[in-house]
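Raw data_27.pdb, PDB, C-alpha atoms, pLDDT in the B column:
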```pdb
ATOM      1  CA  MET A   1      26.602-160.301 -34.108  1.00 65.00           C
ATOM      2  CA  LYS A   2      29.323-162.537 -32.694  1.00 69.00           C
ATOM      3  CA  ASN A   3      26.840-164.591 -30.651  1.00 75.00           C
ATOM      4  CA  PHE A   4      24.595-164.917 -33.707  1.00 75.00           C
ATOM      5  CA  LEU A   5      27.447-166.339 -35.798  1.00 75.00           C
ATOM      6  CA  LEU A   6      28.338-168.787 -33.030  1.00 78.00           C
ATOM      7  CA  ARG A   7      24.772-170.110 -33.043  1.00 80.00           C
ATOM      8  CA  ILE A   8      24.866-170.490 -36.821  1.00 80.00           C
ATOM      9  CA  LYS A   9      28.199-172.349 -36.685  1.00 81.00           C
ATOM     10  CA  LYS A  10      26.870-174.805 -34.097  1.00 81.00           C
ATOM     11  CA  GLN A  11      24.156-175.839 -36.549  1.00 85.00           C
ATOM     12  CA  LEU A  12      26.693-176.394 -39.352  1.00 87.00           C
ATOM     13  CA  ILE A  13      29.262-178.357 -37.291  1.00 86.00           C
ATOM     14  CA  LEU A  14      28.688-182.035 -36.507  1.00 85.00           C
ATOM     15  CA  GLY A  15      30.612-184.705 -34.636  1.00 82.00           C
ATOM     16  CA  PHE A  16      31.433-188.045 -36.219  1.00 78.00           C
ATOM     17  CA  SER A  17      33.002-191.380 -35.371  1.00 78.00           C
ATOM     18  CA  ARG A  18      36.327-192.287 -36.928  1.00 80.00           C
ATOM     19  CA  ARG A  19      37.095-195.475 -38.793  1.00 81.00           C
ATOM     20  CA  SER A  20      40.861-195.240 -38.129  1.00 84.00           C
ATOM     21  CA  GLY A  21      41.877-197.754 -40.805  1.00 88.00           C
ATOM     22  CA  ARG A  22      39.206-200.283 -39.816  1.00 90.00           C
ATOM     23  CA  ASN A  23      36.652-202.084 -41.970  1.00 90.00           C
ATOM     24  CA  PHE A  24      32.919-202.442 -41.267  1.00 89.00           C
ATOM     25  CA  PHE A  25      33.660-205.304 -38.846  1.00 91.00           C
ATOM     26  CA  GLY A  26      35.800-202.960 -36.751  1.00 88.00           C
ATOM     27  CA  ARG A  27      38.972-204.881 -37.545  1.00 87.00           C
ATOM     28  CA  LYS A  28      42.168-203.060 -38.426  1.00 85.00           C
ATOM     29  CA  THR A  29      43.030-203.364 -42.100  1.00 86.00           C
ATOM     30  CA  VAL A  30      45.415-200.392 -42.419  1.00 88.00           C
ATOM     31  CA  PHE A  31      48.006-200.623 -39.670  1.00 87.00           C
ATOM     32  CA  THR A  32      49.502-197.150 -40.138  1.00 90.00           C
ATOM     33  CA  GLN A  33      46.344-195.183 -39.330  1.00 91.00           C
ATOM     34  CA  GLY A  34      44.799-194.270 -35.989  1.00 89.00           C
ATOM     35  CA  GLY A  35      44.787-191.739 -33.197  1.00 87.00           C
ATOM     36  CA  GLY A  36      45.143-188.090 -34.123  1.00 87.00           C
ATOM     37  CA  LYS A  37      43.517-184.920 -32.886  1.00 85.00           C
ATOM     38  CA  LYS A  38      39.807-184.946 -32.200  1.00 84.00           C
ATOM     39  CA  TYR A  39      37.850-182.491 -34.308  1.00 83.00           C
ATOM     40  CA  LYS A  40      34.349-181.807 -35.550  1.00 84.00           C
ATOM     41  CA  ARG A  41      33.366-181.820 -39.194  1.00 87.00           C
ATOM     42  CA  ARG A  42      31.852-178.794 -40.915  1.00 89.00           C
ATOM     43  CA  LEU A  43      28.995-179.344 -43.383  1.00 89.00           C
ATOM     44  CA  ILE A  44      30.654-178.138 -46.590  1.00 90.00           C
ATOM     45  CA  ASP A  45      28.549-177.424 -49.675  1.00 89.00           C
ATOM     46  CA  TYR A  46      30.281-179.298 -52.513  1.00 90.00           C
ATOM     47  CA  LYS A  47      27.458-178.829 -55.041  1.00 88.00           C
ATOM     48  CA  ARG A  48      27.262-175.010 -55.130  1.00 85.00           C
ATOM     49  CA  ILE A  49      23.866-174.925 -56.867  1.00 81.00           C
ATOM     50  CA  ILE A  50      22.085-172.143 -54.923  1.00 81.00           C
ATOM     51  CA  PRO A  51      21.752-169.333 -57.535  1.00 81.00           C
ATOM     52  CA  PHE A  52      22.273-166.315 -55.276  1.00 83.00           C
ATOM     53  CA  ASN A  53      24.980-163.820 -54.471  1.00 84.00           C
ATOM     54  CA  PHE A  54      26.836-164.539 -51.248  1.00 85.00           C
ATOM     55  CA  ILE A  55      29.217-162.703 -48.944  1.00 86.00           C
ATOM     56  CA  LEU A  56      32.152-164.272 -47.123  1.00 87.00           C
ATOM     57  CA  LEU A  57      31.911-163.844 -43.337  1.00 87.00           C
ATOM     58  CA  SER A  58      34.903-165.789 -41.972  1.00 86.00           C
ATOM     59  CA  ILE A  59      37.873-167.898 -43.073  1.00 89.00           C
ATOM     60  CA  GLU A  60      38.508-171.042 -41.012  1.00 89.00           C
ATOM     61  CA  LYS A  61      40.794-174.078 -41.018  1.00 88.00           C
ATOM     62  CA  GLN A  62      39.590-177.660 -40.859  1.00 86.00           C
ATOM     63  CA  LEU A  63      41.999-180.423 -39.923  1.00 82.00           C
ATOM     64  CA  ARG A  64      41.198-182.832 -42.755  1.00 81.00           C
ATOM     65  CA  ASN A  65      40.990-180.143 -45.464  1.00 87.00           C
ATOM     66  CA  THR A  66      44.258-178.598 -46.588  1.00 91.00           C
ATOM     67  CA  ALA A  67      42.387-175.763 -48.318  1.00 92.00           C
ATOM     68  CA  HIS A  68      40.719-173.118 -46.178  1.00 92.00           C
ATOM     69  CA  VAL A  69      37.000-173.268 -45.390  1.00 92.00           C
ATOM     70  CA  GLY A  70      34.766-170.190 -45.367  1.00 90.00           C
ATOM     71  CA  LEU A  71      31.399-169.365 -43.799  1.00 90.00           C
ATOM     72  CA  ILE A  72      29.167-167.557 -46.300  1.00 88.00           C
ATOM     73  CA  CYS A  73      25.731-165.962 -46.193  1.00 87.00           C
ATOM     74  CA  TYR A  74      23.425-165.926 -49.229  1.00 87.00           C
ATOM     75  CA  GLU A  75      21.018-163.160 -50.208  1.00 85.00           C
ATOM     76  CA  ASN A  76      18.056-165.242 -49.040  1.00 84.00           C
ATOM     77  CA  GLY A  77      19.524-165.612 -45.520  1.00 84.00           C
ATOM     78  CA  LEU A  78      20.961-169.131 -45.783  1.00 87.00           C
ATOM     79  CA  PHE A  79      24.371-169.881 -44.272  1.00 89.00           C
ATOM     80  CA  SER A  80      26.817-172.486 -45.522  1.00 89.00           C
ATOM     81  CA  TYR A  81      30.456-173.563 -45.520  1.00 91.00           C
ATOM     82  CA  ILE A  82      32.405-173.715 -48.795  1.00 90.00           C
ATOM     83  CA  LEU A  83      35.971-174.468 -49.872  1.00 90.00           C
ATOM     84  CA  LEU A  84      37.639-171.174 -50.722  1.00 89.00           C
ATOM     85  CA  SER A  85      39.607-170.179 -53.786  1.00 87.00           C
ATOM     86  CA  ASP A  86      42.913-168.358 -53.574  1.00 84.00           C
ATOM     87  CA  LEU A  87      41.384-164.906 -54.204  1.00 78.00           C
ATOM     88  CA  HIS A  88      38.610-165.096 -51.602  1.00 78.00           C
ATOM     89  CA  ARG A  89      38.756-162.354 -48.992  1.00 78.00           C
ATOM     90  CA  ILE A  90      36.400-161.508 -46.127  1.00 79.00           C
ATOM     91  CA  THR A  91      33.407-159.372 -47.233  1.00 72.00           C
ATOM     92  CA  ASN A  92      33.940-160.449 -50.879  1.00 73.00           C
ATOM     93  CA  CYS A  93      30.639-160.675 -52.753  1.00 76.00           C
ATOM     94  CA  LEU A  94      30.494-163.411 -55.401  1.00 76.00           C
ATOM     95  CA  TYR A  95      27.870-165.320 -57.355  1.00 74.00           C
ATOM     96  CA  ASN A  96      26.993-168.948 -56.787  1.00 72.00           C
ATOM     97  CA  GLY A  97      25.090-170.203 -59.806  1.00 65.00           C
ATOM     98  CA  PHE A  98      25.145-171.062 -63.464  1.00 63.00           C
ATOM     99  CA  THR A  99      25.306-167.798 -65.408  1.00 61.00           C
ATOM    100  CA  ASN A 100      27.107-167.349 -68.701  1.00 63.00           C
ATOM    101  CA  SER A 101      29.531-164.872 -67.132  1.00 66.00           C
ATOM    102  CA  PHE A 102      32.754-166.283 -65.699  1.00 76.00           C
ATOM    103  CA  LYS A 103      34.391-164.888 -62.569  1.00 78.00           C
ATOM    104  CA  VAL A 104      37.211-166.290 -60.450  1.00 81.00           C
ATOM    105  CA  GLY A 105      35.774-167.714 -57.224  1.00 81.00           C
ATOM    106  CA  SER A 106      32.234-168.172 -58.572  1.00 83.00           C
ATOM    107  CA  SER A 107      30.790-171.537 -59.556  1.00 86.00           C
ATOM    108  CA  SER A 108      29.632-172.245 -63.089  1.00 87.00           C
ATOM    109  CA  PHE A 109      29.136-175.025 -65.619  1.00 89.00           C
ATOM    110  CA  LEU A 110      32.274-176.079 -67.452  1.00 90.00           C
ATOM    111  CA  MET A 111      30.614-175.160 -70.761  1.00 88.00           C
ATOM    112  CA  ASN A 112      30.373-171.514 -69.571  1.00 88.00           C
ATOM    113  CA  ILE A 113      34.056-171.242 -68.619  1.00 89.00           C
ATOM    114  CA  PRO A 114      36.284-170.246 -71.567  1.00 89.00           C
ATOM    115  CA  ALA A 115      39.136-172.548 -72.580  1.00 90.00           C
ATOM    116  CA  GLY A 116      42.536-171.514 -71.270  1.00 89.00           C
ATOM    117  CA  ASN A 117      41.380-170.832 -67.692  1.00 91.00           C
ATOM    118  CA  PHE A 118      42.263-172.605 -64.466  1.00 92.00           C
ATOM    119  CA  VAL A 119      39.498-174.236 -62.406  1.00 93.00           C
ATOM    120  CA  HIS A 120      39.229-176.239 -59.203  1.00 92.00           C
ATOM    121  CA  HIS A 121      36.467-177.946 -57.170  1.00 91.00           C
ATOM    122  CA  VAL A 122      35.436-180.025 -60.216  1.00 92.00           C
ATOM    123  CA  GLU A 123      32.498-182.437 -60.368  1.00 91.00           C
ATOM    124  CA  GLN A 124      33.257-185.848 -61.808  1.00 89.00           C
ATOM    125  CA  ASN A 125      29.561-186.574 -62.419  1.00 89.00           C
ATOM    126  CA  PRO A 126      27.036-183.717 -62.859  1.00 89.00           C
ATOM    127  CA  GLY A 127      24.926-183.108 -59.760  1.00 86.00           C
ATOM    128  CA  CYS A 128      26.974-185.352 -57.438  1.00 89.00           C
ATOM    129  CA  GLY A 129      29.164-182.653 -55.893  1.00 89.00           C
ATOM    130  CA  ALA A 130      32.826-181.844 -56.411  1.00 91.00           C
ATOM    131  CA  THR A 131      35.230-184.714 -55.829  1.00 91.00           C
ATOM    132  CA  LEU A 132      38.359-183.594 -57.728  1.00 92.00           C
ATOM    133  CA  VAL A 133      40.907-180.748 -57.454  1.00 92.00           C
ATOM    134  CA  ARG A 134      40.019-179.777 -53.870  1.00 92.00           C
ATOM    135  CA  SER A 135      43.387-179.768 -52.081  1.00 92.00           C
ATOM    136  CA  ALA A 136      45.349-176.640 -51.190  1.00 93.00           C
ATOM    137  CA  GLY A 137      46.662-174.733 -54.198  1.00 90.00           C
ATOM    138  CA  ALA A 138      45.352-177.323 -56.680  1.00 92.00           C
ATOM    139  CA  SER A 139      44.002-176.329 -60.080  1.00 92.00           C
ATOM    140  CA  SER A 140      43.350-177.889 -63.487  1.00 93.00           C
ATOM    141  CA  PHE A 141      43.612-176.286 -66.914  1.00 93.00           C
ATOM    142  CA  ILE A 142      40.817-176.299 -69.532  1.00 93.00           C
ATOM    143  CA  ILE A 143      42.451-177.548 -72.741  1.00 92.00           C
ATOM    144  CA  SER A 144      39.562-177.713 -75.187  1.00 90.00           C
ATOM    145  CA  LYS A 145      35.832-178.275 -75.548  1.00 91.00           C
ATOM    146  CA  ASP A 146      33.639-180.623 -77.529  1.00 87.00           C
ATOM    147  CA  ILE A 147      29.895-180.703 -78.208  1.00 87.00           C
ATOM    148  CA  ASN A 148      29.137-182.684 -75.040  1.00 87.00           C
ATOM    149  CA  SER A 149      32.411-182.715 -73.108  1.00 90.00           C
ATOM    150  CA  VAL A 150      35.275-180.592 -71.793  1.00 93.00           C
ATOM    151  CA  PHE A 151      38.917-181.735 -71.574  1.00 93.00           C
ATOM    152  CA  LEU A 152      40.923-180.767 -68.479  1.00 93.00           C
ATOM    153  CA  LYS A 153      44.623-181.193 -67.854  1.00 91.00           C
ATOM    154  CA  MET A 154      45.178-182.218 -64.225  1.00 89.00           C
ATOM    155  CA  ASN A 155      48.211-181.455 -62.062  1.00 86.00           C
ATOM    156  CA  SER A 156      49.407-185.044 -62.554  1.00 84.00           C
ATOM    157  CA  GLY A 157      49.576-184.533 -66.333  1.00 84.00           C
ATOM    158  CA  TRP A 158      46.541-186.648 -67.239  1.00 86.00           C
ATOM    159  CA  LEU A 159      44.040-185.309 -69.741  1.00 89.00           C
ATOM    160  CA  LEU A 160      40.552-186.158 -68.449  1.00 91.00           C
ATOM    161  CA  LYS A 161      37.175-185.746 -70.106  1.00 91.00           C
ATOM    162  CA  PHE A 162      34.249-184.229 -68.174  1.00 92.00           C
ATOM    163  CA  SER A 163      30.629-183.496 -68.970  1.00 91.00           C
ATOM    164  CA  LYS A 164      29.885-179.933 -70.014  1.00 90.00           C
ATOM    165  CA  LEU A 165      27.215-179.806 -67.259  1.00 90.00           C
ATOM    166  CA  ALA A 166      29.739-180.502 -64.495  1.00 91.00           C
ATOM    167  CA  VAL A 167      30.210-177.638 -62.039  1.00 90.00           C
ATOM    168  CA  ALA A 168      33.600-176.072 -61.351  1.00 91.00           C
ATOM    169  CA  ILE A 169      34.994-172.929 -59.725  1.00 90.00           C
ATOM    170  CA  GLY A 170      37.388-170.581 -61.440  1.00 88.00           C
ATOM    171  CA  GLY A 171      40.929-170.114 -60.164  1.00 88.00           C
ATOM    172  CA  ALA A 172      43.023-172.228 -57.795  1.00 91.00           C
ATOM    173  CA  ALA A 173      42.139-173.569 -54.351  1.00 92.00           C
ATOM    174  CA  SER A 174      43.143-171.527 -51.312  1.00 90.00           C
ATOM    175  CA  ASN A 175      46.147-171.993 -48.984  1.00 90.00           C
ATOM    176  CA  SER A 176      48.616-172.345 -51.850  1.00 89.00           C
ATOM    177  CA  ASP A 177      51.536-172.137 -49.374  1.00 90.00           C
ATOM    178  CA  HIS A 178      50.570-175.429 -47.764  1.00 90.00           C
ATOM    179  CA  PHE A 179      53.443-177.275 -49.487  1.00 89.00           C
ATOM    180  CA  ILE A 180      55.910-175.227 -47.412  1.00 91.00           C
ATOM    181  CA  THR A 181      54.629-176.798 -44.174  1.00 88.00           C
ATOM    182  CA  ARG A 182      57.205-179.135 -42.633  1.00 90.00           C
ATOM    183  CA  ILE A 183      56.480-182.046 -40.306  1.00 90.00           C
ATOM    184  CA  LYS A 184      59.126-181.315 -37.677  1.00 91.00           C
ATOM    185  CA  SER A 185      58.539-184.160 -35.227  1.00 93.00           C
ATOM    186  CA  ALA A 186      57.093-187.630 -34.909  1.00 93.00           C
ATOM    187  CA  GLY A 187      54.454-186.236 -32.554  1.00 93.00           C
ATOM    188  CA  MET A 188      53.217-183.890 -35.259  1.00 91.00           C
ATOM    189  CA  LYS A 189      52.785-186.854 -37.596  1.00 92.00           C
ATOM    190  CA  ARG A 190      50.806-188.725 -34.913  1.00 92.00           C
ATOM    191  CA  HIS A 191      48.733-185.579 -34.431  1.00 89.00           C
ATOM    192  CA  LEU A 192      47.578-185.906 -38.066  1.00 87.00           C
ATOM    193  CA  GLY A 193      46.392-189.502 -37.553  1.00 89.00           C
ATOM    194  CA  PHE A 194      49.402-191.501 -38.762  1.00 92.00           C
ATOM    195  CA  LYS A 195      50.955-194.353 -36.781  1.00 92.00           C
ATOM    196  CA  PRO A 196      54.534-195.630 -37.238  1.00 92.00           C
ATOM    197  CA  ARG A 197      55.176-198.431 -39.696  1.00 91.00           C
ATOM    198  CA  VAL A 198      56.904-201.542 -38.348  1.00 92.00           C
ATOM    199  CA  ARG A 199      58.719-203.994 -40.635  1.00 91.00           C
ATOM    200  CA  GLY A 200      57.271-207.488 -40.789  1.00 91.00           C
ATOM    201  CA  VAL A 201      60.665-209.142 -40.216  1.00 92.00           C
ATOM    202  CA  ALA A 202      60.959-207.309 -36.897  1.00 92.00           C
ATOM    203  CA  MET A 203      57.744-208.889 -35.579  1.00 92.00           C
ATOM    204  CA  ASN A 204      56.973-212.206 -33.955  1.00 93.00           C
ATOM    205  CA  PRO A 205      55.679-215.115 -36.065  1.00 92.00           C
ATOM    206  CA  ARG A 206      52.191-214.725 -34.630  1.00 91.00           C
ATOM    207  CA  ASP A 207      52.056-211.061 -35.705  1.00 90.00           C
ATOM    208  CA  HIS A 208      53.329-211.309 -39.272  1.00 91.00           C
ATOM    209  CA  ALA A 209      54.148-213.928 -41.895  1.00 92.00           C
ATOM    210  CA  HIS A 210      57.703-212.520 -42.174  1.00 92.00           C
ATOM    211  CA  GLY A 211      58.350-212.604 -38.421  1.00 91.00           C
ATOM    212  CA  GLY A 212      60.526-214.906 -36.342  1.00 90.00           C
ATOM    213  CA  GLY A 213      63.944-216.399 -36.943  1.00 87.00           C
ATOM    214  CA  GLU A 214      67.263-216.278 -35.155  1.00 86.00           C
ATOM    215  CA  GLY A 215      68.653-212.768 -35.172  1.00 85.00           C
ATOM    216  CA  ARG A 216      68.167-210.614 -38.214  1.00 85.00           C
ATOM    217  CA  SER A 217      66.669-212.385 -41.184  1.00 84.00           C
ATOM    218  CA  SER A 218      65.666-211.244 -44.654  1.00 85.00           C
ATOM    219  CA  PRO A 219      62.042-211.337 -45.827  1.00 82.00           C
ATOM    220  CA  PRO A 220      61.042-214.385 -47.890  1.00 84.00           C
ATOM    221  CA  VAL A 221      61.040-214.349 -51.661  1.00 84.00           C
ATOM    222  CA  ALA A 222      57.237-214.469 -51.724  1.00 86.00           C
ATOM    223  CA  HIS A 223      56.101-211.360 -49.851  1.00 89.00           C
ATOM    224  CA  LYS A 224      52.971-211.797 -47.769  1.00 90.00           C
ATOM    225  CA  THR A 225      50.525-209.664 -45.808  1.00 88.00           C
ATOM    226  CA  PRO A 226      50.164-209.980 -42.016  1.00 88.00           C
ATOM    227  CA  TYR A 227      47.347-212.441 -42.774  1.00 87.00           C
ATOM    228  CA  GLY A 228      49.569-214.697 -44.920  1.00 89.00           C
ATOM    229  CA  LYS A 229      48.243-213.752 -48.369  1.00 87.00           C
ATOM    230  CA  LEU A 230      50.555-213.023 -51.290  1.00 86.00           C
ATOM    231  CA  THR A 231      51.204-209.364 -52.033  1.00 84.00           C
ATOM    232  CA  LYS A 232      53.403-207.119 -54.236  1.00 79.00           C
ATOM    233  CA  VAL A 233      52.331-209.204 -57.234  1.00 71.00           C
ATOM    234  CA  PRO A 234      51.177-207.277 -60.360  1.00 65.00           C
ATOM    235  CA  THR A 235      47.805-208.327 -61.698  1.00 54.00           C
ATOM    236  CA  ASN A 236      46.405-208.208 -65.192  1.00 57.00           C
ATOM    237  CA  ARG A 237      43.806-205.697 -64.100  1.00 59.00           C
ATOM    238  CA  SER A 238      46.431-203.182 -62.937  1.00 57.00           C
ATOM    239  CA  LYS A 239      48.395-203.597 -66.185  1.00 56.00           C
ATOM    240  CA  MET A 240      45.273-202.984 -68.276  1.00 53.00           C
ATOM    241  CA  TYR A 241      44.419-199.918 -66.192  1.00 54.00           C
ATOM    242  CA  ARG A 242      47.893-198.418 -66.693  1.00 54.00           C
ATOM    243  CA  LYS A 243      47.723-199.096 -70.433  1.00 51.00           C
ATOM    244  CA  LYS A 244      44.299-197.470 -70.692  1.00 50.00           C
ATOM    245  CA  LYS A 245      45.347-194.375 -68.714  1.00 49.00           C
ATOM    246  CA  ARG A 246      48.470-193.959 -70.820  1.00 45.00           C
ATOM    247  CA  LEU A 247      46.286-193.203 -73.854  1.00 45.00           C
ATOM    248  CA  PHE A 248      45.189-189.944 -72.210  1.00 49.00           C
ATOM    249  CA  LYS A 249      48.616-188.805 -70.995  1.00 45.00           C
ATOM    250  CA  ILE A 250      49.943-185.462 -72.236  1.00 44.00           C
ATOM    251  CA  PHE A 251      53.673-185.319 -72.820  1.00 35.00           C
TER     252      PHE A 251
END
```
Can the structure in the file be given as structure tokens, please?
Amino acid sequence: MKNFLLRIKKQLILGFSRRSGRNFFGRKTVFTQGGGKKYKRRLIDYKRIIPFNFILLSIEKQLRNTAHVGLICYENGLFSYILLSDLHRITNCLYNGFTNSFKVGSSSFLMNIPAGNFVHHVEQNPGCGATLVRSAGASSFIISKDINSVFLKMNSGWLLKFSKLAVAIGGAASNSDHFITRIKSAGMKRHLGFKPRVRGVAMNPRDHAHGGGEGRSSPPVAHKTPYGKLTKVPTNRSKMYRKKKRLFKIF
């Protein structure tokens, strides 16, 4: 049985090339990213549309996912990786489909989940896979429902509107104790793929627009990027976005 599971896992685990803060030209655009531990990516099912019961075989940890990942087996013999909820345990049998019954850990349409429940693994657009509320211990609260939409209160306090055909999972995401984890050393931070940030005024003139000068010098009044373009300047677009989002804030 152990060898069989290892063969299944090999088919669901793929290698990939990192971007490490680089654009499609291969040039560095984010100077605080790079390095980190090498790892392979598991093929996680974010859509959860296979309408069969499944059983949880193993609980695993993936470096770039704060929530735990689980290997499941469906009734029809298919294997897949999913993001686990906080109540998932090995050998748990749950349903993966769109029934009218609601159960914590099973996927369902938002219109089938009663108001007043917590959900995670939420689809922003129906059929595109979950993109929101996927981190460890995260959950959103169903406030109310409309004819065509469902209103969710996010952890940030925003009230967002979703389609009633969007898929979500009941309960909170797994590994709720992740916030207790402390980064105890600089090496641990580098292990996660972060590089140290260096001030522009501490660089040479060829490396940054703020660099150079005799001894210590303050940055100029007009802040610039390493490429010499103006930065830290608010734009009209950002002001309009903040004003629009404020209309949906719950106080």
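Among the candidate residues A:Tyr74, A:Leu63, A:Phe54, A:Gly35, the one lying nearest to A:Asn92 is A:Phe54, with distances computed using all atoms listed in the file.
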List the neighbours of stretch 136-143 of chain A out to 7 Å using all atoms listed in the file; skip same-chain residues closer than 3 positions along the sequence, and give me the result as an MDAnalysis selection string. chainID A and resid 66:67 115:120 133 151:155 171:176 178
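If you measure from each of A:Leu192, A:Ala166, A:Ala130, A:Leu230 to A:Ser108 using only C-alpha atoms, the closest one turns out to be A:Ala166.
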Which residues would end up in the selection if the PyMOL selection byres ((chain A and resi 223) around 12) were applied here, given that I need the answer as a PyMOL selection string? chain A and resi 200-201+208-211+218-222+224-233
Would you list the contacts of A:Asn125 as a ChimeraX atom specification, taking every protein, DNA or RNA residue within 10 Å and counting only C-alpha atoms, but skipping same-chain residues closer than 5 positions in sequence? /A:130-131,162-163,165-167
If you apply the PyMOL selection byres ((chain A and resi 39-45) around 12) to this file, what residues do you get, as a tab-separated table (two decimals) with C-alpha atoms, in the coordinates of the input?
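Output saved as result_0.tsv:
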```tsv
chain	number	residue	atom	x	y	z
A	8	ILE	CA	24.87	-170.49	-36.82
A	9	LYS	CA	28.20	-172.35	-36.68
A	10	LYS	CA	26.87	-174.80	-34.10
A	11	GLN	CA	24.16	-175.84	-36.55
A	12	LEU	CA	26.69	-176.39	-39.35
A	13	ILE	CA	29.26	-178.36	-37.29
A	14	LEU	CA	28.69	-182.04	-36.51
A	15	GLY	CA	30.61	-184.70	-34.64
A	16	PHE	CA	31.43	-188.04	-36.22
A	17	SER	CA	33.00	-191.38	-35.37
A	18	ARG	CA	36.33	-192.29	-36.93
A	35	GLY	CA	44.79	-191.74	-33.20
A	36	GLY	CA	45.14	-188.09	-34.12
A	37	LYS	CA	43.52	-184.92	-32.89
A	38	LYS	CA	39.81	-184.95	-32.20
A	46	TYR	CA	30.28	-179.30	-52.51
A	47	LYS	CA	27.46	-178.83	-55.04
A	48	ARG	CA	27.26	-175.01	-55.13
A	49	ILE	CA	23.87	-174.92	-56.87
A	50	ILE	CA	22.08	-172.14	-54.92
A	60	GLU	CA	38.51	-171.04	-41.01
A	61	LYS	CA	40.79	-174.08	-41.02
A	62	GLN	CA	39.59	-177.66	-40.86
A	63	LEU	CA	42.00	-180.42	-39.92
A	64	ARG	CA	41.20	-182.83	-42.76
A	65	ASN	CA	40.99	-180.14	-45.46
A	68	HIS	CA	40.72	-173.12	-46.18
A	69	VAL	CA	37.00	-173.27	-45.39
A	70	GLY	CA	34.77	-170.19	-45.37
A	71	LEU	CA	31.40	-169.36	-43.80
A	72	ILE	CA	29.17	-167.56	-46.30
A	78	LEU	CA	20.96	-169.13	-45.78
A	79	PHE	CA	24.37	-169.88	-44.27
A	80	SER	CA	26.82	-172.49	-45.52
A	81	TYR	CA	30.46	-173.56	-45.52
A	82	ILE	CA	32.40	-173.72	-48.80
A	83	LEU	CA	35.97	-174.47	-49.87
A	84	LEU	CA	37.64	-171.17	-50.72
A	96	ASN	CA	26.99	-168.95	-56.79
A	107	SER	CA	30.79	-171.54	-59.56
A	121	HIS	CA	36.47	-177.95	-57.17
A	128	CYS	CA	26.97	-185.35	-57.44
A	129	GLY	CA	29.16	-182.65	-55.89
A	130	ALA	CA	32.83	-181.84	-56.41
A	131	THR	CA	35.23	-184.71	-55.83
A	134	ARG	CA	40.02	-179.78	-53.87
A	191	HIS	CA	48.73	-185.58	-34.43
A	192	LEU	CA	47.58	-185.91	-38.07
A	193	GLY	CA	46.39	-189.50	-37.55
```
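The point (41.6, -163.4, -40.5) has these residues within 8 Å of it, counting only C-alpha atoms: Ser58, Ile59 and Ile90 of chain A.
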Generate the missing atoms of stretch 123-136 of chain A up to N, CA and C atoms and report them as a tab-separated table (two decimals), in the coordinates of the input.
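Wrote it out as part_15.tsv, contents follow:
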```
chain	number	residue	atom	x	y	z
A	123	GLU	N	33.39	-181.29	-60.50
A	123	GLU	CA	32.50	-182.44	-60.37
A	123	GLU	C	32.89	-183.52	-61.37
A	124	GLN	N	32.98	-184.74	-60.90
A	124	GLN	CA	33.26	-185.85	-61.81
A	124	GLN	C	31.99	-186.28	-62.53
A	125	ASN	N	30.87	-186.27	-61.83
A	125	ASN	CA	29.56	-186.57	-62.42
A	125	ASN	C	28.62	-185.41	-62.11
A	126	PRO	N	27.89	-184.89	-63.10
A	126	PRO	CA	27.04	-183.72	-62.86
A	126	PRO	C	26.00	-183.97	-61.77
A	127	GLY	N	25.91	-183.03	-60.83
A	127	GLY	CA	24.93	-183.11	-59.76
A	127	GLY	C	25.36	-183.89	-58.55
A	128	CYS	N	26.52	-184.53	-58.56
A	128	CYS	CA	26.97	-185.35	-57.44
A	128	CYS	C	27.90	-184.62	-56.48
A	129	GLY	N	28.25	-183.38	-56.76
A	129	GLY	CA	29.16	-182.65	-55.89
A	129	GLY	C	30.61	-182.82	-56.33
A	130	ALA	N	31.43	-181.84	-55.98
A	130	ALA	CA	32.83	-181.84	-56.41
A	130	ALA	C	33.61	-182.92	-55.67
A	131	THR	N	34.39	-183.68	-56.41
A	131	THR	CA	35.23	-184.71	-55.83
A	131	THR	C	36.69	-184.57	-56.24
A	132	LEU	N	37.01	-183.72	-57.21
A	132	LEU	CA	38.36	-183.59	-57.73
A	132	LEU	C	38.88	-182.17	-57.55
A	133	VAL	N	40.20	-182.04	-57.49
A	133	VAL	CA	40.91	-180.75	-57.45
A	133	VAL	C	40.41	-179.92	-56.28
A	134	ARG	N	40.50	-180.48	-55.06
A	134	ARG	CA	40.02	-179.78	-53.87
A	134	ARG	C	41.12	-179.48	-52.86
A	135	SER	N	42.33	-179.98	-53.06
A	135	SER	CA	43.39	-179.77	-52.08
A	135	SER	C	43.99	-178.38	-52.23
A	136	ALA	N	44.81	-177.99	-51.26
A	136	ALA	CA	45.35	-176.64	-51.19
A	136	ALA	C	46.20	-176.32	-52.41
```
